[in-house]
>>> print(open('coords-v6.txt').read())   # compact mmCIF, C-alpha atoms
# COMPACT_ATOMS: atom_id res chain seq x y z
CA MET A 182 49.04 103.28 80.70
CA LYS A 183 51.67 105.14 82.77
CA THR A 184 52.23 101.98 84.83
CA LEU A 185 52.66 99.96 81.65
CA ASN A 186 55.23 102.44 80.36
CA TYR A 187 57.19 102.17 83.61
CA ILE A 188 57.16 98.37 83.34
CA THR A 189 58.32 98.56 79.72
CA LEU A 190 61.11 100.98 80.68
CA PHE A 191 62.18 98.69 83.55
CA ILE A 192 62.31 95.63 81.28
CA PHE A 193 64.31 97.59 78.70
CA ALA A 194 66.77 98.86 81.31
CA THR A 195 67.13 95.38 82.79
CA THR A 196 67.80 93.93 79.35
CA ILE A 197 70.50 96.51 78.73
CA ALA A 198 72.11 95.79 82.12
CA VAL A 199 72.12 92.05 81.48
CA ALA A 200 73.54 92.56 78.01
CA GLN A 201 76.49 94.48 79.45
CA LYS A 202 77.65 91.54 81.56
CA PRO A 203 79.98 89.08 79.79
CA VAL A 204 78.27 85.87 78.74
CA PRO A 205 79.62 82.70 80.41
CA ALA A 206 82.20 81.07 78.18
CA PRO A 207 81.54 77.82 76.28
CA LYS A 208 83.61 74.72 77.05
CA GLN A 209 87.02 74.43 75.46
CA THR A 210 86.87 72.69 72.09
CA LYS A 211 90.29 73.61 70.64
CA SER A 212 93.66 72.80 72.18
CA VAL A 213 95.74 75.84 73.15
CA LEU A 214 99.50 76.36 73.42
CA ILE A 215 100.97 79.41 75.17
CA LYS A 216 104.61 79.81 74.20
CA ASN A 217 107.57 82.01 75.13
CA ALA A 218 106.02 83.40 78.35
CA THR A 219 107.71 83.55 81.74
CA ALA A 220 105.69 80.93 83.64
CA HIS A 221 105.17 81.35 87.39
CA ILE A 222 104.22 77.77 88.28
CA GLY A 223 102.77 78.62 91.71
CA ASN A 224 104.98 76.24 93.69
CA GLY A 225 107.99 78.56 93.76
CA GLN A 226 109.36 77.54 90.38
CA VAL A 227 109.74 79.84 87.38
CA ILE A 228 110.27 78.86 83.74
CA GLN A 229 111.73 81.85 81.94
CA ASN A 230 110.76 80.63 78.46
CA SER A 231 107.89 78.19 78.65
CA TYR A 232 105.41 76.04 76.80
CA ILE A 233 102.02 75.75 78.52
CA GLY A 234 99.48 73.59 76.69
CA PHE A 235 95.94 72.60 77.60
CA LYS A 236 93.07 70.63 76.08
CA ASP A 237 89.53 69.79 77.20
CA GLY A 238 89.94 72.04 80.22
CA LYS A 239 93.08 70.33 81.56
CA ILE A 240 96.75 71.27 81.42
CA THR A 241 98.56 68.77 79.18
CA LEU A 242 101.97 70.36 78.83
CA VAL A 243 104.35 72.37 81.02
CA ALA A 244 107.83 72.57 79.56
CA ASP A 245 110.93 74.71 79.20
CA ALA A 246 111.00 75.97 75.61
CA THR A 247 114.77 76.33 75.64
CA SER A 248 115.34 72.60 76.22
CA SER A 249 112.20 70.96 74.80
CA LYS A 250 111.13 70.26 71.24
CA ILE A 251 107.39 70.64 70.83
CA ASP A 252 105.38 70.09 67.66
CA VAL A 253 103.41 73.34 67.69
CA SER A 254 101.24 72.15 64.80
CA LYS A 255 99.53 69.65 67.13
CA PHE A 256 97.75 72.52 68.88
CA ASP A 257 94.74 74.21 67.32
CA VAL A 258 95.51 77.66 68.79
CA THR A 259 98.92 79.12 69.57
CA VAL A 260 99.36 82.23 71.71
CA ASP A 261 102.78 83.87 71.46
CA ALA A 262 103.34 85.50 74.85
CA MET A 263 106.91 86.64 74.30
CA GLY A 264 107.87 89.10 77.05
CA LYS A 265 104.70 88.38 79.04
CA HIS A 266 103.96 86.35 82.16
CA VAL A 267 101.62 83.41 82.73
CA TYR A 268 100.22 82.59 86.18
CA PRO A 269 97.80 80.11 87.74
CA GLY A 270 94.47 81.81 88.41
CA PHE A 271 94.54 83.68 91.70
CA ILE A 272 92.31 82.31 94.47
CA ALA A 273 90.26 84.56 96.74
CA ALA A 274 89.94 82.69 100.04
CA ASN A 275 87.34 83.70 102.65
CA SER A 276 85.45 86.00 100.27
CA THR A 277 81.80 87.03 99.95
CA LEU A 278 81.79 87.39 96.16
CA GLY A 279 78.37 86.67 94.73
CA LEU A 280 76.64 87.17 98.08
CA VAL A 281 76.69 90.98 98.22
CA GLU A 282 76.15 93.32 95.30
CA ILE A 283 75.63 96.76 96.84
CA GLY A 284 76.47 96.93 100.53
CA ALA A 285 74.08 99.83 101.20
CA VAL A 286 71.12 98.08 99.53
CA ARG A 287 69.80 95.43 101.89
CA SER A 288 67.92 93.49 99.21
CA THR A 289 71.24 92.74 97.44
CA ASN A 290 72.83 91.31 100.60
CA ASP A 291 72.59 87.56 101.12
CA VAL A 292 75.66 87.04 103.27
CA GLN A 293 74.08 86.49 106.70
CA GLU A 294 71.07 84.61 108.02
CA VAL A 295 69.16 85.10 111.26
CA GLY A 296 70.55 83.03 114.09
CA LYS A 297 73.68 82.57 116.17
CA ILE A 298 74.60 78.93 115.54
CA ILE A 299 73.55 78.01 111.99
CA PRO A 300 76.11 75.63 110.38
CA ASN A 301 73.38 74.39 108.04
CA VAL A 302 73.27 77.72 106.15
CA ARG A 303 75.04 77.16 102.81
CA SER A 304 76.64 79.81 100.64
CA LEU A 305 76.39 77.29 97.80
CA ILE A 306 72.78 77.97 96.90
CA ALA A 307 72.99 81.70 97.58
CA TYR A 308 75.90 82.35 95.21
CA ASN A 309 74.92 84.71 92.38
CA THR A 310 76.84 84.06 89.15
CA ASP A 311 75.27 87.19 87.63
CA SER A 312 77.03 89.53 90.06
CA LYS A 313 78.56 92.47 88.19
CA ILE A 314 81.45 92.50 90.65
CA ILE A 315 82.79 89.12 89.50
CA PRO A 316 83.99 90.33 86.05
CA THR A 317 85.92 93.17 87.74
CA VAL A 318 88.01 90.77 89.82
CA ARG A 319 88.72 88.48 86.87
CA THR A 320 90.33 91.47 85.14
CA ASN A 321 93.19 91.26 87.67
CA GLY A 322 93.57 87.47 87.48
CA VAL A 323 91.30 86.35 90.34
CA LEU A 324 89.58 83.33 88.77
CA THR A 325 88.56 81.17 91.76
CA ALA A 326 86.91 82.07 95.07
CA GLN A 327 85.88 80.51 98.33
CA VAL A 328 82.49 82.07 99.09
CA CYS A 329 81.70 82.24 102.81
CA PRO A 330 78.74 83.23 105.00
CA ARG A 331 79.17 85.81 107.74
CA GLY A 332 77.61 86.69 111.09
CA GLY A 333 76.65 84.83 114.26
CA ARG A 334 78.87 82.47 116.21
CA ILE A 335 78.77 79.66 113.62
CA SER A 336 77.98 81.41 110.34
CA GLY A 337 77.36 78.44 108.08
CA THR A 338 79.12 76.44 105.39
CA SER A 339 81.23 77.79 102.52
CA SER A 340 81.81 76.46 99.00
CA ILE A 341 84.47 77.08 96.35
CA PHE A 342 83.63 78.38 92.88
CA SER A 343 85.26 79.01 89.54
CA LEU A 344 84.33 82.56 88.57
CA ASP A 345 82.44 81.67 85.41
CA GLY A 346 79.15 79.89 84.86
CA TRP A 347 75.45 80.32 84.21
CA ASN A 348 74.50 79.27 87.75
CA TRP A 349 76.04 77.86 90.91
CA GLU A 350 75.77 74.31 89.57
CA ASP A 351 78.02 75.31 86.65
CA ALA A 352 80.48 77.27 88.74
CA VAL A 353 80.97 75.16 91.87
CA LEU A 354 84.41 73.61 92.24
CA LYS A 355 83.94 72.11 95.71
CA LYS A 356 80.67 71.93 97.60
CA ASP A 357 80.48 72.62 101.34
CA ASP A 358 84.22 72.66 101.96
CA GLY A 359 83.96 73.79 105.58
CA VAL A 360 82.08 75.28 108.53
CA HIS A 361 82.88 78.81 109.78
CA LEU A 362 83.19 79.62 113.47
CA SER A 363 83.88 83.06 114.97
CA TRP A 364 85.75 82.44 118.22
CA PRO A 365 84.65 84.71 121.12
CA ALA A 366 86.96 87.66 121.73
CA MET A 367 88.63 87.83 125.13
CA VAL A 368 88.62 91.62 125.09
CA THR A 369 86.37 94.25 123.56
CA ARG A 370 87.21 97.73 122.38
CA GLY A 371 84.79 100.65 122.12
CA GLY A 372 84.99 103.74 119.95
CA TRP A 373 85.71 103.59 116.23
CA TRP A 374 88.77 103.15 114.02
CA ALA A 375 89.86 106.81 114.16
CA GLU A 376 89.31 107.12 117.92
CA PRO A 377 89.55 103.64 119.51
CA GLY A 378 88.02 103.33 122.93
CA PRO A 379 89.48 101.57 125.97
CA VAL A 380 90.15 97.84 125.90
CA GLU A 381 87.98 95.90 128.32
CA LYS A 382 87.75 92.26 129.30
CA ASN A 383 84.87 90.37 127.71
CA LYS A 384 82.80 89.39 130.76
CA ASN A 385 80.77 86.90 128.71
CA TYR A 386 83.78 85.03 127.31
CA ASP A 387 83.51 81.96 129.57
CA ASN A 388 79.77 81.65 128.96
CA GLU A 389 80.23 81.94 125.19
CA VAL A 390 82.89 79.23 125.18
CA SER A 391 80.68 77.07 127.40
CA ASP A 392 77.82 77.40 124.90
CA LEU A 393 80.15 76.32 122.10
CA LYS A 394 81.37 73.36 124.13
CA LYS A 395 77.83 72.15 124.69
CA PHE A 396 76.94 72.48 121.00
CA PHE A 397 80.11 70.73 119.81
CA THR A 398 79.64 67.93 122.35
CA ASP A 399 76.09 67.35 121.13
CA ALA A 400 77.18 67.57 117.49
CA LYS A 401 79.97 65.03 118.00
CA ALA A 402 77.62 62.59 119.72
CA TYR A 403 75.14 63.04 116.88
CA SER A 404 77.85 62.46 114.25
CA GLU A 405 78.77 59.12 115.82
CA ASN A 406 75.25 57.87 115.19
CA GLU A 407 74.90 57.03 111.49
CA LYS A 408 71.20 56.25 111.75
CA VAL A 409 69.02 58.77 113.52
CA ASP A 410 65.27 58.63 113.91
CA GLU A 411 64.84 62.31 113.15
CA LYS A 412 67.42 64.38 111.30
CA ASN A 413 68.65 67.61 112.85
CA LEU A 414 69.84 69.96 110.07
CA ARG A 415 72.28 71.84 112.29
CA MET A 416 73.85 68.62 113.56
CA GLU A 417 73.94 67.08 110.06
CA ALA A 418 75.94 70.10 108.87
CA MET A 419 78.60 69.40 111.52
CA ARG A 420 79.26 65.75 110.59
CA GLY A 421 82.05 66.56 108.14
CA ILE A 422 84.32 68.36 110.60
CA PHE A 423 84.39 65.29 112.84
CA SER A 424 84.87 62.78 110.00
CA GLY A 425 87.57 64.89 108.33
CA THR A 426 85.71 65.51 105.07
CA GLN A 427 85.27 69.20 105.93
CA ILE A 428 87.40 71.92 107.49
CA LEU A 429 86.58 73.95 110.57
CA TYR A 430 87.51 77.56 109.78
CA ILE A 431 88.00 79.54 112.99
CA ARG A 432 88.03 83.33 112.88
CA ALA A 433 90.49 84.43 115.56
CA ASN A 434 93.09 87.19 115.73
CA GLY A 435 94.49 87.43 119.26
CA MET A 436 97.27 85.15 120.49
CA LYS A 437 95.12 83.65 123.26
CA GLU A 438 92.05 83.30 121.04
CA ILE A 439 94.08 81.48 118.38
CA SER A 440 95.68 79.04 120.82
CA GLU A 441 92.53 78.40 122.88
CA SER A 442 90.38 77.84 119.79
CA ILE A 443 92.86 75.29 118.42
CA PHE A 444 93.03 73.40 121.74
CA PHE A 445 89.22 73.48 121.94
CA ALA A 446 88.73 72.13 118.42
CA LYS A 447 91.27 69.35 118.90
CA LYS A 448 89.68 68.35 122.20
CA MET A 449 86.29 68.21 120.50
CA GLY A 450 87.65 65.81 117.89
CA VAL A 451 87.82 68.17 114.90
CA LYS A 452 90.14 66.72 112.26
CA LYS A 453 91.05 69.74 110.09
CA ILE A 454 91.46 73.29 111.40
CA VAL A 455 92.26 76.57 109.63
CA ILE A 456 92.61 79.94 111.35
CA ILE A 457 91.12 82.97 109.57
CA GLY A 458 92.51 86.37 110.55
CA GLY A 459 95.57 85.39 112.54
CA ARG A 460 96.94 88.86 113.34
CA ASP A 461 98.90 87.38 116.28
CA ALA A 462 99.75 84.13 114.51
CA TRP A 463 103.44 85.06 114.55
CA MET A 464 103.35 84.68 118.34
CA VAL A 465 102.06 81.10 118.30
CA THR A 466 103.84 79.54 115.30
CA ASP A 467 104.95 76.55 117.39
CA ILE A 468 101.32 75.73 118.24
CA LEU A 469 100.25 76.18 114.63
CA LYS A 470 102.96 73.85 113.31
CA GLU A 471 102.50 71.24 116.03
CA SER A 472 98.75 71.16 115.38
CA ASN A 473 99.16 71.29 111.57
CA VAL A 474 96.98 74.40 111.38
CA SER A 475 97.16 76.80 108.43
CA VAL A 476 96.31 80.50 108.44
CA ILE A 477 94.24 82.62 106.07
CA ILE A 478 95.63 86.10 106.73
CA ASN A 479 93.06 88.89 106.58
CA ARG A 480 93.63 91.99 104.48
CA ILE A 481 97.21 93.20 104.99
CA HIS A 482 96.43 96.67 103.64
CA ASP A 483 95.50 97.66 107.16
CA LEU A 484 96.73 99.24 110.38
CA PRO A 485 98.29 97.36 113.33
CA ASP A 486 95.91 96.48 116.16
CA ARG A 487 97.92 97.83 119.11
CA PRO A 488 99.75 101.14 119.65
CA GLU A 489 102.92 99.26 120.61
CA ASP A 490 102.96 97.15 117.42
CA ASP A 491 105.46 97.85 114.63
CA TYR A 492 103.92 100.15 112.04
CA ASP A 493 104.54 97.51 109.36
CA LEU A 494 103.52 94.44 111.39
CA VAL A 495 100.54 93.66 109.17
CA PHE A 496 102.62 94.06 106.01
CA LYS A 497 105.41 91.74 107.16
CA LEU A 498 103.19 89.08 108.79
CA PRO A 499 103.27 86.86 105.64
CA ALA A 500 107.08 86.88 105.61
CA MET A 501 107.14 86.07 109.35
CA LEU A 502 104.87 83.04 108.89
CA GLN A 503 106.83 81.92 105.83
CA LYS A 504 110.07 82.03 107.82
CA ALA A 505 108.46 80.09 110.67
CA GLY A 506 107.26 77.36 108.29
CA VAL A 507 103.53 77.97 108.74
CA LEU A 508 101.35 77.39 105.67
CA PHE A 509 99.33 80.53 104.92
CA CYS A 510 97.45 82.34 102.21
CA LEU A 511 96.04 85.85 101.83
CA ASP A 512 92.47 87.08 101.70
CA ASN A 513 90.80 90.47 101.35
CA SER A 514 88.02 90.36 103.93
CA GLY A 515 87.00 93.67 105.47
CA ASP A 516 85.08 96.78 104.49
CA MET A 517 83.68 96.62 100.94
CA GLU A 518 85.56 93.37 100.47
CA GLN A 519 83.66 92.31 97.37
CA ILE A 520 84.77 95.19 95.16
CA HIS A 521 88.27 95.23 96.68
CA THR A 522 88.84 91.54 95.91
CA ARG A 523 90.41 92.76 92.67
CA ASN A 524 93.25 94.13 94.83
CA LEU A 525 94.22 90.68 96.14
CA PRO A 526 97.33 90.38 93.90
CA PHE A 527 98.53 93.80 95.04
CA MET A 528 98.38 92.69 98.66
CA ALA A 529 100.71 89.86 97.72
CA GLY A 530 102.88 92.51 96.05
CA THR A 531 102.93 94.52 99.27
CA ALA A 532 104.14 91.43 101.14
CA VAL A 533 107.05 91.23 98.68
CA GLY A 534 108.08 94.73 99.73
CA PHE A 535 108.18 93.56 103.36
CA GLY A 536 110.28 90.43 103.18
CA LEU A 537 108.36 87.79 101.21
CA SER A 538 109.97 86.51 98.00
CA LYS A 539 108.16 87.13 94.71
CA GLU A 540 107.34 83.47 94.07
CA ASP A 541 106.27 82.84 97.66
CA ALA A 542 103.91 85.79 97.25
CA VAL A 543 102.49 84.21 94.10
CA ALA A 544 102.04 80.95 96.02
CA SER A 545 100.19 82.83 98.79
CA ILE A 546 97.28 83.45 96.41
CA THR A 547 97.59 80.31 94.27
CA LEU A 548 98.94 76.95 95.45
CA ASN A 549 99.01 77.78 99.18
CA ALA A 550 95.37 78.85 99.01
CA ALA A 551 94.46 75.72 97.06
CA LYS A 552 96.19 73.49 99.63
CA ILE A 553 94.46 75.19 102.56
CA LEU A 554 91.04 74.95 100.89
CA GLY A 555 91.61 71.36 99.80
CA VAL A 556 91.45 71.93 96.02
CA ASP A 557 95.16 71.67 95.17
CA ALA A 558 94.54 68.54 93.10
CA GLN A 559 92.40 70.67 90.78
CA CYS A 560 93.95 74.13 90.72
CA GLY A 561 96.53 76.46 92.23
CA SER A 562 99.54 75.69 90.03
CA LEU A 563 100.55 75.14 86.43
CA GLU A 564 100.97 71.35 86.46
CA GLN A 565 99.88 68.60 84.11
CA GLY A 566 96.48 67.14 84.91
CA LYS A 567 95.18 70.20 86.76
CA ASP A 568 92.42 72.49 85.53
CA ALA A 569 93.56 74.97 82.90
CA THR A 570 92.67 77.95 85.07
CA LEU A 571 95.35 80.51 84.29
CA PHE A 572 95.99 83.92 82.77
CA ILE A 573 98.54 85.96 80.84
CA SER A 574 99.70 89.39 82.03
CA VAL A 575 101.81 91.87 80.09
CA GLY A 576 103.68 92.83 83.27
CA ASP A 577 104.11 91.69 86.85
CA ALA A 578 100.64 90.62 88.02
CA LEU A 579 101.47 91.58 91.62
CA ASP A 580 102.33 95.14 90.64
CA VAL A 581 99.48 97.65 90.47
CA ILE A 582 101.18 99.60 87.68
CA SER A 583 102.31 96.86 85.31
CA ASN A 584 99.51 94.32 85.91
CA ASN A 585 97.64 94.02 82.61
CA VAL A 586 95.77 90.76 82.04
CA THR A 587 95.31 90.11 78.32
CA HIS A 588 94.08 86.49 78.32
CA ALA A 589 92.33 84.42 80.97
CA PHE A 590 91.13 80.82 80.95
CA ILE A 591 88.93 78.99 83.47
CA GLN A 592 89.02 75.22 83.02
CA GLY A 593 90.19 75.89 79.47
CA LYS A 594 87.34 78.27 78.67
CA THR A 595 88.37 81.61 77.16
CA ILE A 596 87.10 84.31 79.51
CA ASP A 597 85.78 87.68 78.40
CA LEU A 598 87.76 90.21 80.45
CA GLN A 599 85.39 93.12 79.80
CA ASN A 600 83.30 94.60 82.60
CA GLU A 601 81.39 97.79 83.27
CA GLN A 602 84.50 99.60 84.43
CA THR A 603 86.52 98.74 81.33
CA GLU A 604 83.54 99.72 79.17
CA MET A 605 83.35 103.12 80.86
CA TYR A 606 87.11 103.57 80.49
CA ASN A 607 87.01 102.75 76.78
CA ARG A 608 83.98 104.96 76.27
CA TYR A 609 85.48 108.07 77.80
CA MET A 610 88.93 107.46 76.38
CA LYS A 611 87.30 107.97 73.00
CA LYS A 612 86.11 111.40 74.12
CA TYR A 613 88.89 112.62 76.39
CA GLY A 614 91.80 110.26 75.79
CA LYS A 615 94.79 110.83 73.58
>>> encode(input="coords-v6.txt", output="structure tokens")
Amino acid sequence: MKTLNYITLFIFATTIAVAQKPVPAPKQTKSVLIKNATAHIGNGQVIQNSYIGFKDGKITLVADATSSKIDVSKFDVTVDAMGKHVYPGFIAANSTLGLVEIGAVRSTNDVQEVGKIIPNVRSLIAYNTDSKIIPTVRTNGVLTAQVCPRGGRISGTSSIFSLDGWNWEDAVLKKDDGVHLSWPAMVTRGGWWAEPGPVEKNKNYDNEVSDLKKFFTDAKAYSENEKVDEKNLRMEAMRGIFSGTQILYIRANGMKEISESIFFAKKMGVKKIVIIGGRDAWMVTDILKESNVSVIINRIHDLPDRPEDDYDLVFKLPAMLQKAGVLFCLDNSGDMEQIHTRNLPFMAGTAVGFGLSKEDAVASITLNAAKILGVDAQCGSLEQGKDATLFISVGDALDVISNNVTHAFIQGKTIDLQNEQTEMYNRYMKKYGK
């Protein structure tokens, strides 16, 4: 009987927990017009007084309200956003949303598989749409995410998701967009972040690169054979990076690691390359531009790597790459990255304080990210024909104080912006608030 009571209590508690999570939104059935907002298009343009209309999940109208005559009655729903701002949905590149729920609870971690070279591991089927973290990032305007595996030398294959849906089939925006490789480090450092140890040469570097060369050589030979007697899952997963249908994402931070990894990938016949991390990318901008390689900059709310670096090097790296003409976007990978993904817009705001223009900062988490991930035909900017994935904020969405998202839409669907944190806030404001 006691066991039965425990089971009943567990089912009741689980039901309550599920009930607290916002229900996925139904498809858009009524056309919507947002008027009078300051529209940040995502491509550097701003419309101070705008009309943004969308129907059946697609943007149908982007116009300047001061010079355009629009029949408002043709839209089923009109949102007057006078004094507010409208943005394309922010994009979290190189994230692990939906793969980790509680970092300290191993059973909620599905971000890494056993093995060193496992390109066939797919984040696609591991993505959990019921994660309670996802609603917290939508509250700050993050509406799309690239979900990536971690660990090993070749971690696996990522996919891109809209942050709403009953399951991964509902949410997926682009399946298997690229393979993730962690380039061997030339040097290693002991100690920990507060007391870094001495820097030492990685004695295994040449062997690690040699192992990669052998695997890539075999994978390329396999990809050139359309008909194989027996399929090799690891080799099958590599076909796309040689044909150009997928991207090879290379995690590298040092100047030499960035340049050597690019030369390696090009020599192996890889068509599309993106660097993730890129702390020293400002040193090799000529190589990046010549090779048409973009950079996903890791969390800029961080410390410089070397004692001799400028104290603000990480903060001003986006402005340095922008000035050099290198396409880049921002991510939030690092400690507790899932819950801190909600801070992505504020990292773009920090970059504004260190030399990046406001609209270039918006682009760094919207259109730039979409271009790098290969989904710019679908999202990333407020343009006719693209998905109606956008949001309205009372204030500047890149500012931690004034950011206040009041409306959000994913492919035209009206998104519930409530989450457990907002529920707790509202609950205790009733008791202690003014």
>>> atom_distance(input="coords-v6.txt", atom1="atom CA of Lys211 of chain A", atom2="atom CA of Phe235 of chain A")
9.0 Å
>>> closest_residue(input="coords-v6.txt", among="A:Gln565, A:Asn600, A:Ser339, A:Ser363", to="Val243 of chain A", atoms="all atoms listed in the file")
A:Gln565
>>> axis_aligned_box(input="coords-v6.txt", around="segment 548-557 of chain A", padding_each_side="3 Å", output="JSON")
{"center_x": 95.0, "center_y": 75.1, "center_z": 98.9, "size_x": 14.0, "size_y": 13.5, "size_z": 13.4}
>>> closest_residue(input="coords-v6.txt", among="A:Thr466, A:Gln226, A:Gln293, A:Ser340", to="Asp358 of chain A", atoms="all atoms listed in the file")
A:Ser340
>>> residues_around(input="coords-v6.txt", residues="Met419 of chain A", least_positions_apart="5", cutoff="12 Å", atoms="all atoms listed in the file", output="PyMOL selection string")
chain A and resi 298-302+335+337-338+357-362+396-405+413-414+424-429+449-452
>>> atom_distance(input="coords-v6.txt", atom1="atom CA of Arg319 of chain A", atom2="atom CA of Ser231 of chain A")
23.3 Å
>>> atom_distance(input="coords-v6.txt", atom1="atom CA of Glu282 of chain A", atom2="atom CA of Pro485 of chain A")
28.8 Å
>>> closest_residue(input="coords-v6.txt", among="A:Val533, A:Val213, A:Leu280, A:Val390", to="Asp257 of chain A", atoms="only C-alpha atoms")
A:Val213
>>> closest_residue(input="coords-v6.txt", among="A:Ala529, A:Val380, A:Ala418, A:Leu554", to="Val476 of chain A", atoms="only C-alpha atoms")
A:Leu554
>>> residues_around(input="coords-v6.txt", residues="Leu305 of chain A", least_positions_apart="5", cutoff="12 Å", atoms="all atoms listed in the file", output="MDAnalysis selection string")
chainID A and resid 277:280 291:292 310 326:330 337:342 348:359
>>> closest_residue(input="coords-v6.txt", among="A:Lys612, A:His482, A:Lys250, A:Lys208", to="Leu525 of chain A", atoms="all atoms listed in the file")
A:His482
>>> residues_around(input="coords-v6.txt", residues="Lys265 of chain A", least_positions_apart="2", cutoff="7 Å", atoms="only C-alpha atoms", output="compact mmCIF listing (two decimals) with C-alpha atoms, in the frame of the given file")
# COMPACT_ATOMS: atom_id res chain seq x y z
CA ALA A 218 106.02 83.40 78.35
CA THR A 219 107.71 83.55 81.74
CA ALA A 262 103.34 85.50 74.85
CA MET A 263 106.91 86.64 74.30
CA VAL A 267 101.62 83.41 82.73
CA ILE A 573 98.54 85.96 80.84
CA SER A 574 99.70 89.39 82.03
CA VAL A 575 101.81 91.87 80.09
CA GLY A 576 103.68 92.83 83.27
>>> closest_residue(input="coords-v6.txt", among="A:Arg415, A:Ile215, A:Ser583, A:Ala206", to="Lys297 of chain A", atoms="all atoms listed in the file")
A:Arg415
>>> residues_around(input="coords-v6.txt", residues="Leu469 of chain A", least_positions_apart="6", cutoff="9 Å", atoms="all atoms listed in the file", output="ChimeraX atom specification")
/A:439-440,443,462,475-476,507
